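*Asks:* final39.cif is reproduced in full below (mmCIF, C-alpha atoms).
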```cif
data_work
loop_
_atom_site.label_atom_id
_atom_site.label_comp_id
_atom_site.auth_asym_id
_atom_site.auth_seq_id
_atom_site.Cartn_x
_atom_site.Cartn_y
_atom_site.Cartn_z
CA MET A 78 19.11 120.40 92.85
CA LEU A 79 18.15 121.66 89.44
CA LYS A 80 15.21 119.32 89.19
CA ASP A 81 13.40 121.21 91.93
CA ILE A 82 13.09 124.32 89.82
CA THR A 83 9.56 125.13 88.80
CA ILE A 84 9.21 127.39 85.83
CA GLY A 85 6.32 129.74 86.20
CA GLN A 86 3.74 130.00 88.92
CA TYR A 87 0.59 130.20 86.85
CA ILE A 88 -2.41 128.45 88.34
CA PRO A 89 -5.21 127.93 85.83
CA GLY A 90 -8.58 129.31 86.76
CA THR A 91 -11.62 131.17 85.53
CA SER A 92 -11.91 133.83 88.21
CA LEU A 93 -12.55 137.48 87.44
CA ILE A 94 -8.87 138.29 87.84
CA HIS A 95 -7.87 135.41 85.57
CA ARG A 96 -10.14 136.71 82.84
CA LEU A 97 -8.74 140.24 82.81
CA ASP A 98 -6.63 141.31 79.87
CA PRO A 99 -2.89 141.05 80.72
CA ARG A 100 -2.38 144.69 79.69
CA CYS A 101 -5.07 145.72 82.12
CA LYS A 102 -3.49 143.63 84.86
CA ILE A 103 -0.01 145.09 84.33
CA LEU A 104 -1.32 148.66 84.37
CA SER A 105 -3.43 147.92 87.44
CA VAL A 106 -0.43 146.53 89.31
CA ILE A 107 1.54 149.70 88.52
CA ILE A 108 -1.32 151.92 89.70
CA TYR A 109 -1.77 149.77 92.81
CA MET A 110 1.92 150.17 93.66
CA ILE A 111 1.67 153.94 93.31
CA ALA A 112 -1.31 153.86 95.68
CA LEU A 113 0.66 151.68 98.09
CA PHE A 114 3.45 154.24 98.25
CA VAL A 115 1.04 157.16 98.50
CA VAL A 116 -0.79 156.07 101.65
CA ASN A 117 0.85 157.05 104.94
CA ASP A 118 -1.70 156.75 107.73
CA THR A 119 -3.82 154.12 109.45
CA VAL A 120 -6.90 154.70 107.31
CA GLY A 121 -4.83 154.53 104.14
CA TYR A 122 -3.01 151.32 105.03
CA PHE A 123 -6.20 149.74 106.25
CA SER A 124 -8.01 150.48 103.01
CA VAL A 125 -5.11 149.14 100.91
CA LEU A 126 -5.10 146.00 103.04
CA LEU A 127 -8.84 145.50 102.59
CA PHE A 128 -8.62 146.13 98.87
CA SER A 129 -5.77 143.61 98.55
CA LEU A 130 -7.69 140.98 100.51
CA LEU A 131 -10.62 141.50 98.18
CA ILE A 132 -8.38 140.97 95.14
CA ILE A 133 -6.90 137.83 96.69
CA LEU A 134 -10.39 136.48 97.37
CA LEU A 135 -11.39 137.28 93.79
CA THR A 136 -8.49 135.27 92.35
CA GLY A 137 -9.85 132.15 94.05
CA ILE A 138 -6.31 130.87 94.62
CA SER A 139 -5.41 129.29 97.96
CA PRO A 140 -3.58 131.74 100.27
CA VAL A 141 -0.83 129.13 100.67
CA TYR A 142 0.62 130.28 97.33
CA TYR A 143 0.77 133.87 98.52
CA PHE A 144 2.48 132.85 101.75
CA LYS A 145 5.13 131.10 99.70
CA GLY A 146 5.99 134.42 98.09
CA ILE A 147 6.15 136.18 101.42
CA LYS A 148 8.26 133.45 103.01
CA ALA A 149 11.15 134.16 100.68
CA LEU A 150 11.20 137.72 101.90
CA LEU A 151 10.73 137.06 105.59
CA ILE A 152 14.23 138.10 106.61
CA ILE A 153 14.13 141.52 105.02
CA ILE A 154 10.63 142.11 106.39
CA PHE A 155 11.83 141.30 109.89
CA LEU A 156 14.88 143.48 109.40
CA THR A 157 12.79 146.45 108.31
CA VAL A 158 10.19 146.03 111.02
CA GLY A 159 12.88 145.50 113.67
CA LEU A 160 14.87 148.55 112.60
CA HIS A 161 11.74 150.67 112.82
CA PHE A 162 10.77 149.28 116.21
CA PHE A 163 14.10 150.12 117.76
CA MET A 164 15.44 153.05 115.79
CA THR A 165 12.48 155.46 115.73
CA PRO A 166 12.68 158.17 118.38
CA GLY A 167 9.50 158.89 120.36
CA THR A 168 7.51 157.75 123.37
CA VAL A 169 9.20 154.72 124.91
CA VAL A 170 6.92 151.72 125.43
CA ALA A 171 9.36 149.03 126.48
CA GLU A 172 13.09 148.70 126.94
CA ILE A 173 15.28 145.70 126.21
CA GLY A 174 18.80 146.44 127.45
CA PRO A 175 20.06 149.50 125.63
CA LEU A 176 17.31 149.27 123.01
CA ALA A 177 14.03 151.08 123.39
CA ILE A 178 10.81 150.29 121.57
CA THR A 179 8.79 153.40 120.85
CA GLN A 180 5.14 153.86 120.05
CA GLU A 181 5.95 155.64 116.80
CA GLY A 182 8.38 152.86 115.98
CA ILE A 183 5.74 150.15 116.35
CA LYS A 184 3.33 152.07 114.15
CA GLN A 185 5.95 152.79 111.48
CA GLY A 186 7.21 149.21 111.63
CA ILE A 187 3.78 147.75 111.07
CA PHE A 188 3.14 150.16 108.19
CA MET A 189 6.41 149.28 106.45
CA GLY A 190 5.93 145.57 107.05
CA THR A 191 2.45 145.75 105.53
CA ARG A 192 3.78 147.65 102.55
CA LEU A 193 6.48 145.05 101.86
CA ILE A 194 4.09 142.13 102.22
CA LEU A 195 1.52 143.74 99.93
CA LEU A 196 4.21 144.62 97.39
CA VAL A 197 5.18 140.96 97.13
CA THR A 198 1.59 139.74 97.20
CA ILE A 199 0.42 141.93 94.32
CA THR A 200 3.29 140.65 92.16
CA SER A 201 2.21 137.12 93.09
CA VAL A 202 -1.37 137.93 92.06
CA LEU A 203 -0.06 138.96 88.65
CA THR A 204 2.11 135.89 88.07
CA LEU A 205 -0.32 133.42 89.64
CA THR A 206 -3.22 134.44 87.42
CA THR A 207 -1.42 135.16 84.14
CA THR A 208 0.70 132.86 82.00
CA PRO A 209 4.21 134.11 81.22
CA ILE A 210 3.35 134.19 77.53
CA ALA A 211 0.24 136.32 78.09
CA LEU A 212 2.33 138.67 80.22
CA THR A 213 4.93 138.90 77.46
CA ASP A 214 2.23 139.78 74.94
CA GLY A 215 0.82 142.36 77.31
CA ILE A 216 4.22 143.97 77.83
CA GLU A 217 4.86 144.07 74.08
CA LEU A 218 1.57 145.80 73.36
CA LEU A 219 2.05 148.23 76.23
CA LEU A 220 5.54 149.10 75.01
CA ASN A 221 4.45 149.52 71.39
CA PRO A 222 3.80 153.29 71.68
CA PHE A 223 7.40 153.73 72.86
CA LYS A 224 8.82 152.18 69.70
CA ARG A 225 9.32 155.65 68.27
CA ILE A 226 11.85 156.55 70.95
CA GLY A 227 13.76 153.37 70.25
CA VAL A 228 12.30 150.84 72.69
CA PRO A 229 12.69 147.45 70.95
CA ALA A 230 9.22 146.23 72.03
CA HIS A 231 8.80 143.41 69.55
CA GLU A 232 12.39 142.23 69.81
CA LEU A 233 12.13 142.17 73.58
CA ALA A 234 8.91 140.15 73.49
CA MET A 235 10.43 137.76 70.95
CA MET A 236 13.49 137.37 73.18
CA MET A 237 11.28 136.56 76.16
CA THR A 238 9.25 134.03 74.20
CA ILE A 239 12.38 132.28 72.96
CA ALA A 240 13.98 132.40 76.39
CA LEU A 241 10.90 130.94 78.07
CA ARG A 242 10.88 128.11 75.58
CA PHE A 243 14.56 127.36 76.11
CA ILE A 244 14.75 127.56 79.91
CA PRO A 245 13.76 123.90 80.43
CA THR A 246 16.15 122.79 77.68
CA LEU A 247 19.01 124.74 79.23
CA VAL A 248 18.19 123.44 82.71
CA GLU A 249 18.33 119.90 81.40
CA GLU A 250 21.59 120.58 79.62
CA THR A 251 23.09 122.18 82.73
CA ASP A 252 22.15 119.12 84.73
CA LYS A 253 23.66 116.81 82.15
CA ILE A 254 26.95 118.71 81.93
CA MET A 255 27.16 118.98 85.72
CA LYS A 256 26.81 115.23 86.03
CA ALA A 257 29.32 114.67 83.24
CA GLN A 258 31.87 116.91 84.93
CA MET A 259 31.18 115.38 88.33
CA ALA A 260 31.86 111.97 86.83
CA ARG A 261 35.25 113.39 85.89
CA GLY A 262 35.85 114.52 89.46
CA ALA A 263 34.56 118.10 89.41
CA ASP A 264 33.34 119.40 92.76
CA PHE A 265 30.63 122.08 92.73
CA GLU A 266 29.30 121.77 96.24
CA SER A 267 32.23 122.45 98.54
CA GLY A 268 35.15 124.81 98.98
CA ASN A 269 35.30 128.54 99.50
CA ILE A 270 33.90 131.09 97.09
CA ILE A 271 37.02 131.29 94.90
CA GLN A 272 37.21 127.53 94.57
CA ARG A 273 33.53 127.38 93.76
CA ALA A 274 33.86 130.08 91.14
CA LYS A 275 36.79 128.22 89.61
CA ALA A 276 34.80 125.00 89.56
CA LEU A 277 32.15 126.77 87.52
CA ILE A 278 34.43 127.38 84.52
CA PRO A 279 34.43 123.80 83.16
CA LEU A 280 30.65 123.90 83.54
CA LEU A 281 30.12 127.30 81.95
CA VAL A 282 32.21 126.89 78.81
CA PRO A 283 30.25 123.96 77.34
CA LEU A 284 27.00 125.56 78.49
CA PHE A 285 27.71 128.83 76.75
CA LEU A 286 28.83 127.13 73.58
CA GLY A 287 25.78 124.86 73.64
CA ALA A 288 23.49 127.86 74.11
CA PHE A 289 25.09 129.73 71.22
CA ARG A 290 24.83 126.72 68.99
CA ARG A 291 21.14 126.36 69.77
CA ALA A 292 20.64 130.07 69.18
CA ASP A 293 22.30 129.87 65.77
CA ASP A 294 20.25 126.83 64.78
CA LEU A 295 17.10 128.65 65.80
CA ALA A 296 18.12 131.79 63.92
CA MET A 297 18.68 129.75 60.78
CA ALA A 298 15.30 128.07 61.16
CA MET A 299 13.63 131.45 61.61
CA GLU A 300 15.40 132.94 58.62
CA ALA A 301 14.41 129.95 56.53
CA ARG A 302 10.78 130.75 57.39
CA CYS A 303 11.29 134.40 56.45
CA TYR A 304 10.93 135.83 59.93
CA ARG A 305 11.63 139.54 59.75
CA GLY A 306 10.53 141.24 62.92
CA GLY A 307 7.32 142.75 64.11
CA GLU A 308 6.01 144.65 61.12
CA ASN A 309 2.76 143.37 59.64
CA ARG A 310 2.86 140.21 61.69
CA THR A 311 -0.47 138.87 62.79
CA ARG A 312 -1.17 137.01 65.99
CA MET A 313 -2.79 133.70 66.66
CA LYS A 314 -4.35 135.04 69.85
CA GLN A 315 -5.54 138.64 69.66
CA LEU A 316 -5.85 140.49 72.94
CA LYS A 317 -9.11 142.36 73.29
CA TYR A 318 -10.31 144.63 76.04
CA SER A 319 -13.68 143.59 77.44
CA SER A 320 -16.12 145.47 79.64
CA LEU A 321 -14.57 143.65 82.58
CA ASP A 322 -11.26 145.39 81.90
CA ILE A 323 -12.89 148.79 81.78
CA ILE A 324 -14.58 148.15 85.13
CA ALA A 325 -11.27 146.97 86.62
CA MET A 326 -9.46 150.08 85.39
CA VAL A 327 -12.19 152.34 86.81
CA VAL A 328 -12.00 150.53 90.16
CA ILE A 329 -8.23 150.80 90.38
CA VAL A 330 -8.19 154.48 89.40
CA VAL A 331 -10.90 155.25 91.97
CA PHE A 332 -8.80 153.35 94.49
CA LEU A 333 -5.75 155.47 93.64
CA GLY A 334 -7.88 158.57 94.01
CA PHE A 335 -9.01 157.40 97.44
CA SER A 336 -5.40 156.75 98.51
CA ILE A 337 -4.41 160.25 97.50
CA TYR A 338 -7.46 161.53 99.37
CA THR A 339 -6.41 159.73 102.59
CA ARG A 340 -2.96 161.26 102.35
CA VAL A 341 -3.87 164.79 101.42
CA VAL A 342 -7.15 165.38 103.21
CA LEU A 343 -7.32 163.04 106.21
CA MET Y 91 18.08 143.65 64.84
CA ASN Y 92 19.85 140.74 63.24
CA ILE Y 93 17.98 137.49 63.91
CA LYS Y 94 21.12 135.68 64.90
CA ILE Y 95 21.88 138.30 67.52
CA LEU Y 96 18.27 138.25 68.68
CA THR Y 97 18.28 134.51 69.30
CA ARG Y 98 21.68 134.64 70.97
CA LEU Y 99 20.56 137.40 73.30
CA ALA Y 100 17.42 135.41 74.11
CA LEU Y 101 19.43 132.32 75.01
CA LEU Y 102 21.84 134.41 77.07
CA SER Y 103 18.92 135.86 79.04
CA ALA Y 104 17.56 132.39 79.71
CA PHE Y 105 21.02 131.34 80.77
CA GLY Y 106 21.28 134.29 83.15
CA LEU Y 107 18.06 133.17 84.77
CA ILE Y 108 19.42 129.67 85.30
CA LEU Y 109 22.63 131.05 86.80
CA GLN Y 110 20.50 133.11 89.15
CA MET Y 111 19.12 129.91 90.61
CA PHE Y 112 22.63 128.81 91.63
CA ASP Y 113 22.88 131.36 94.39
CA PHE Y 114 24.59 130.88 97.68
CA PRO Y 115 24.76 133.05 100.78
CA LEU Y 116 28.12 134.52 101.68
CA PRO Y 117 29.72 134.47 105.10
CA PHE Y 118 29.62 137.83 106.96
CA PHE Y 119 26.75 139.20 104.87
CA PRO Y 120 23.06 139.38 105.68
CA GLU Y 121 21.15 136.53 104.13
CA TYR Y 122 19.26 138.57 101.56
CA LEU Y 123 22.51 139.54 99.85
CA LYS Y 124 23.35 136.33 98.03
CA TYR Y 125 26.02 135.73 95.48
CA ASP Y 126 25.09 134.49 92.04
CA ALA Y 127 26.86 134.76 88.72
CA ALA Y 128 23.73 135.87 86.86
CA GLU Y 129 25.41 138.94 85.33
CA LEU Y 130 27.81 136.69 83.47
CA PRO Y 131 25.83 136.32 80.20
CA ALA Y 132 25.15 140.06 80.10
CA LEU Y 133 28.86 140.81 80.54
CA ILE Y 134 29.83 138.33 77.85
CA ALA Y 135 27.26 139.93 75.52
CA ALA Y 136 28.65 143.38 76.33
CA PHE Y 137 32.15 142.20 75.42
CA ALA Y 138 31.26 140.17 72.38
CA ILE Y 139 28.32 142.01 70.79
CA SER Y 140 27.86 145.52 72.14
CA PRO Y 141 27.40 147.30 75.46
CA TRP Y 142 23.69 147.77 74.79
CA ALA Y 143 23.31 144.07 74.03
CA GLY Y 144 24.57 143.48 77.56
CA VAL Y 145 21.92 145.83 78.92
CA LEU Y 146 19.23 144.06 76.91
CA VAL Y 147 20.33 140.64 78.20
CA ASP Y 148 20.26 141.89 81.76
CA PHE Y 149 16.86 143.47 81.26
CA GLY Y 150 15.62 140.24 79.69
CA LYS Y 151 16.91 138.20 82.59
CA ASN Y 152 15.14 140.35 85.16
CA LEU Y 153 11.95 140.47 83.13
CA LEU Y 154 12.04 136.68 82.88
CA SER Y 155 12.37 136.27 86.63
CA LEU Y 156 9.36 138.54 87.00
CA LEU Y 157 7.38 136.64 84.37
CA ILE Y 158 7.93 133.23 85.86
CA GLY Y 159 7.56 134.53 89.39
CA ASN Y 160 11.10 133.66 90.41
CA ALA Y 161 11.80 136.96 92.12
CA PRO Y 162 12.00 136.47 95.86
CA SER Y 163 12.86 140.10 96.48
CA GLY Y 164 10.06 141.39 94.28
CA LEU Y 165 10.08 144.31 91.94
CA ILE Y 166 12.50 146.43 93.97
CA GLY Y 167 15.07 143.65 94.04
CA LEU Y 168 14.76 143.23 90.27
CA THR Y 169 15.16 146.94 89.67
CA ALA Y 170 18.27 146.98 91.84
CA ASN Y 171 19.63 143.96 90.04
CA PHE Y 172 18.97 145.54 86.65
CA ILE Y 173 20.62 148.85 87.56
CA ALA Y 174 23.70 146.99 88.77
CA GLY Y 175 23.91 144.72 85.73
CA ALA Y 176 23.24 147.51 83.23
CA THR Y 177 25.90 149.79 84.71
CA PHE Y 178 28.43 146.99 84.71
CA SER Y 179 27.67 146.01 81.09
CA LEU Y 180 27.69 149.57 79.77
CA VAL Y 181 30.93 150.68 81.42
CA GLU Y 182 32.68 147.42 80.62
CA GLY Y 183 31.39 147.26 77.06
CA PHE Y 184 32.22 150.85 76.11
CA ILE Y 185 35.74 150.74 77.53
CA TYR Y 186 36.49 147.47 75.80
CA ALA Y 187 34.84 148.37 72.49
CA SER Y 188 37.35 151.02 71.42
CA ASN Y 189 40.40 148.81 71.77
CA LYS Y 190 39.94 145.07 72.09
CA THR Y 191 43.07 143.93 73.89
CA LYS Y 192 43.63 141.80 76.94
CA LEU Y 193 44.82 144.74 79.00
CA ARG Y 194 41.78 146.76 77.98
CA ALA Y 195 39.54 143.91 79.07
CA ILE Y 196 41.07 143.91 82.54
CA VAL Y 197 40.77 147.71 82.79
CA ALA Y 198 37.17 147.48 81.55
CA ILE Y 199 36.20 144.91 84.16
CA ALA Y 200 37.89 146.84 86.96
CA ALA Y 201 36.16 150.06 85.90
CA GLY Y 202 32.89 148.16 85.68
CA VAL Y 203 33.21 146.83 89.22
CA ILE Y 204 34.05 150.25 90.64
CA SER Y 205 31.31 152.11 88.78
CA THR Y 206 28.73 149.46 89.69
CA THR Y 207 29.64 149.74 93.35
CA ILE Y 208 29.35 153.54 93.23
CA THR Y 209 26.05 153.47 91.33
CA MET Y 210 24.55 150.89 93.65
CA ALA Y 211 25.69 152.86 96.69
CA LEU Y 212 23.99 155.99 95.35
CA CYS Y 213 20.83 154.16 94.26
CA ASN Y 214 20.54 152.36 97.58
CA TYR Y 215 21.09 155.54 99.53
CA PHE Y 216 18.62 157.67 97.61
CA PHE Y 217 15.82 155.34 96.68
CA LEU Y 218 16.23 151.59 97.05
CA LEU Y 219 16.67 151.34 100.80
CA PRO Y 220 14.01 153.99 101.48
CA LEU Y 221 11.68 151.98 99.22
CA TRP Y 222 12.29 148.91 101.36
CA GLY Y 223 11.20 151.09 104.22
CA ILE Y 224 14.55 151.06 106.03
CA PRO Y 225 14.55 154.08 108.40
CA LYS Y 226 16.83 156.96 107.38
CA ASN Y 227 19.11 156.77 110.40
CA SER Y 228 20.07 153.15 109.75
CA ILE Y 229 20.77 153.48 106.02
CA LEU Y 230 24.37 154.62 106.34
CA PRO Y 231 25.57 151.85 108.70
CA LEU Y 232 23.83 149.26 106.51
CA MET Y 233 25.56 150.64 103.43
CA THR Y 234 29.10 150.64 104.78
CA ALA Y 235 28.66 147.31 106.54
CA ALA Y 236 26.89 145.33 103.85
CA ILE Y 237 26.01 146.91 100.55
CA ILE Y 238 29.28 148.49 99.42
CA PRO Y 239 31.50 145.51 100.32
CA PHE Y 240 28.92 143.14 98.88
CA ASN Y 241 28.77 144.85 95.51
CA LEU Y 242 32.53 145.19 95.36
CA PHE Y 243 32.94 141.51 96.12
CA LYS Y 244 30.19 140.28 93.84
CA GLY Y 245 31.44 142.43 90.96
CA SER Y 246 35.02 141.24 91.36
CA VAL Y 247 34.17 137.55 91.41
CA THR Y 248 31.82 137.84 88.44
CA GLY Y 249 34.39 140.00 86.65
CA ILE Y 250 37.12 137.41 87.08
CA ILE Y 251 34.88 134.61 85.82
CA THR Y 252 33.87 136.78 82.85
CA PHE Y 253 37.50 137.41 81.95
CA VAL Y 254 38.43 133.73 82.07
CA LEU Y 255 35.25 132.63 80.31
CA TYR Y 256 35.33 135.27 77.57
CA LYS Y 257 38.72 134.10 76.38
CA LYS Y 258 37.29 130.62 75.91
CA VAL Y 259 34.05 131.47 74.16
CA LYS Y 260 34.94 134.55 72.10
CA PHE Y 261 35.92 132.56 69.04
CA PHE Y 262 32.23 131.98 68.53
CA PHE Y 263 31.70 135.66 67.85
CA GLU Y 264 34.49 136.12 65.36
CA PRO Y 265 33.58 136.44 61.67
CA LEU Y 266 31.41 133.56 60.68
CA SER Y 267 33.73 131.70 58.33
CA ARG Y 268 36.48 131.56 60.92
CA SER Y 269 34.29 130.67 63.86
CA LYS Y 270 32.84 127.76 61.94
CA GLU Y 271 36.30 126.35 61.29
CA VAL Y 272 37.33 126.66 64.92
CA TYR Y 273 34.04 125.21 66.00
CA ALA Y 274 34.52 122.25 63.70
CA GLU Y 275 37.96 121.63 65.16
CA LYS Y 276 36.73 121.59 68.73
#
```
Would you kindly transcribe this structure into structure tokens?
*Replies:*
Amino acid sequence: MLKDITIGQYIPGTSLIHRLDPRCKILSVIIYMIALFVVNDTVGYFSVLLFSLLIILLTGISPVYYFKGIKALLIIIFLTVGLHFFMTPGTVVAEIGPLAITQEGIKQGIFMGTRLILLVTITSVLTLTTTPIALTDGIELLLNPFKRIGVPAHELAMMMTIALRFIPTLVEETDKIMKAQMARGADFESGNIIQRAKALIPLLVPLFLGAFRRADDLAMAMEARCYRGGENRTRMKQLKYSSLDIIAMVVIVVFLGFSIYTRVVL
Amino acid sequence: MNIKILTRLALLSAFGLILQMFDFPLPFFPEYLKYDAAELPALIAAFAISPWAGVLVDFGKNLLSLLIGNAPSGLIGLTANFIAGATFSLVEGFIYASNKTKLRAIVAIAAGVISTTITMALCNYFFLLPLWGIPKNSILPLMTAAIIPFNLFKGSVTGIITFVLYKKVKFFFEPLSRSKEVYAEK
């Protein structure tokens, strides 16, 4: 069960999107999401859809990977679309028993469904084209200005880097302890929720203690190498904005402007 | 921040992420509301280190799922998850911090469950469900039928596990000299 877990989705590539600076990508995703929530009519949704398709084409990654992301969300998408189809008052198109499908409902349902799918897809674009470590760096640099108001930007990035490095180790350890406890007769797979929760205790205690022990070992190793936080530290890989990033930012801001235009003017 | 605390919080976040992968659907609830014990590390951190440490662990866990693309419900789901976990950790941590007794721990967990349920109900009503695009007239039935009981249930189960687990791992957080001795004995 645990062996199936894949850590990270990154697919290596040299496309335009791959080459963008992670900071630029994170900001663009935020602006894109604002645009997605701004649009509210056919022209608006259509333009967002086209723009998204263009981005997907630019990444050069097979659409199969994007469908995987959407598949996980299929139920809630159906729920939303269905609720809109049946619950919106308006001109009745068809009736199934006591339920009536309205014209407005169909329109609203399709809009909301599109919004959800695009919301998931744009997150996939980010994680498919950027390594977790690059994203962490990007987040740290973006959060740096907020250090003054007490946002622990460097500590957070350090935590993420350490956590990413230890996820595979912890997965392996979890697997090992599960097998060890199963050999002693523990049962994790059956029973009701209370029994399952109870069965977790003999698994969790050694896992927690193992994690703390690793953490303390790591802390000692870091202290021994005089690690003392973010100040004056240099980086092996410096992030630099290129002209590509400036173009991307201009494009996305123009796109946001267009979305606002479709809502306010059209 | 102390390096030892930093590394421990990092490992707890990673651990939260792994726990998130052990999710299972519950009977009577829609399939997108699944139970997992992912708040556990954050709650332990809130008890053992400080309430804000719990918040940081929970934030770290959600950020990690975003980074590695393990977030089936996307950004909205992560935000919801973080609000729930942060409320639980803060309430629980602050109540327990002033007087660290067994009774206080139980009160803290109960208060945490109740406040999380209330916060999640409010957040869902005012912005999470509308963000999902659920129409206004079906929000209320969805809340009373699924979201409030789900949060109450999830909080209680996680709370009980936290209580049992905390007793068994808290020696690790006691002053260093003592914890080393106990650790050596085990």
*Asks:* Name the residues captured by the PyMOL selection byres ((chain Y) within 6 of (chain A)) when it is applied to the shown file; answer as a list in words.
*Replies:* Ile93, Lys94, Thr97, Arg98, Ala100, Leu101, Ala104, Leu157, Ile158, Gly159, Pro162, Gly164, Gly223 and Ile224 of chain Y
*Asks:* Just the number, please: distance in Å from CA of Lys256 in chain A to CA of Ala276 in chain A, one decimal.
*Replies:*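 So the two atoms, CA of Lys256 in chain A and CA of Ala276 in chain A, lie 13.1 Å apart.
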*Asks:* Report as a list in words all protein, DNA and RNA residues lying within 12 Å of Val331 in chain A, evaluated on all atoms listed in the file, omitting residues in the same chain fewer than 6 positions from it.
*Replies:*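 The filter keeps Ser105, Ile108, Tyr109, Ala112, Phe128, Ile324, Ala325, Ile337 and Tyr338 of chain A.
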*Asks:* Could you tell me how far CA of Tyr142 in chain A lies from CA of Leu123 in chain Y, in Å and to one decimal?
*Replies:* 23.9 Å
*Asks:* Could you name the residues that touch range 169-174 of chain Y at 6 Å or less, counting all atoms listed in the file, but leaving out those on the same chain fewer than 3 positions away, as an mmCIF file with C-alpha atoms, keeping the file's coordinate frame?
*Replies:*
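Output (out_28.cif):
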```
data_model
loop_
_atom_site.group_PDB
_atom_site.id
_atom_site.type_symbol
_atom_site.label_atom_id
_atom_site.label_comp_id
_atom_site.auth_asym_id
_atom_site.auth_seq_id
_atom_site.Cartn_x
_atom_site.Cartn_y
_atom_site.Cartn_z
ATOM 1 C CA ILE Y 166 12.500 146.430 93.970
ATOM 2 C CA THR Y 177 25.900 149.790 84.710
ATOM 3 C CA THR Y 206 28.730 149.460 89.690
#
```
*Asks:* Fewer than 6 positions away in the same chain doesn't count, so skip those; otherwise give me all residues within 9 Å of Leu109 in chain Y, counting only C-alpha atoms, as an MDAnalysis selection string.
*Replies:* chainID Y and resid 126:130
*Asks:* Taking the file as shown, what set of residues would the PyMOL selection byres ((chain A and resi 98) around 10) give back, as an NGL selection string?
*Replies:* :A and (94-97 or 99-103 or 207 or 211-212 or 215 or 316-319 or 321-323 or 325)
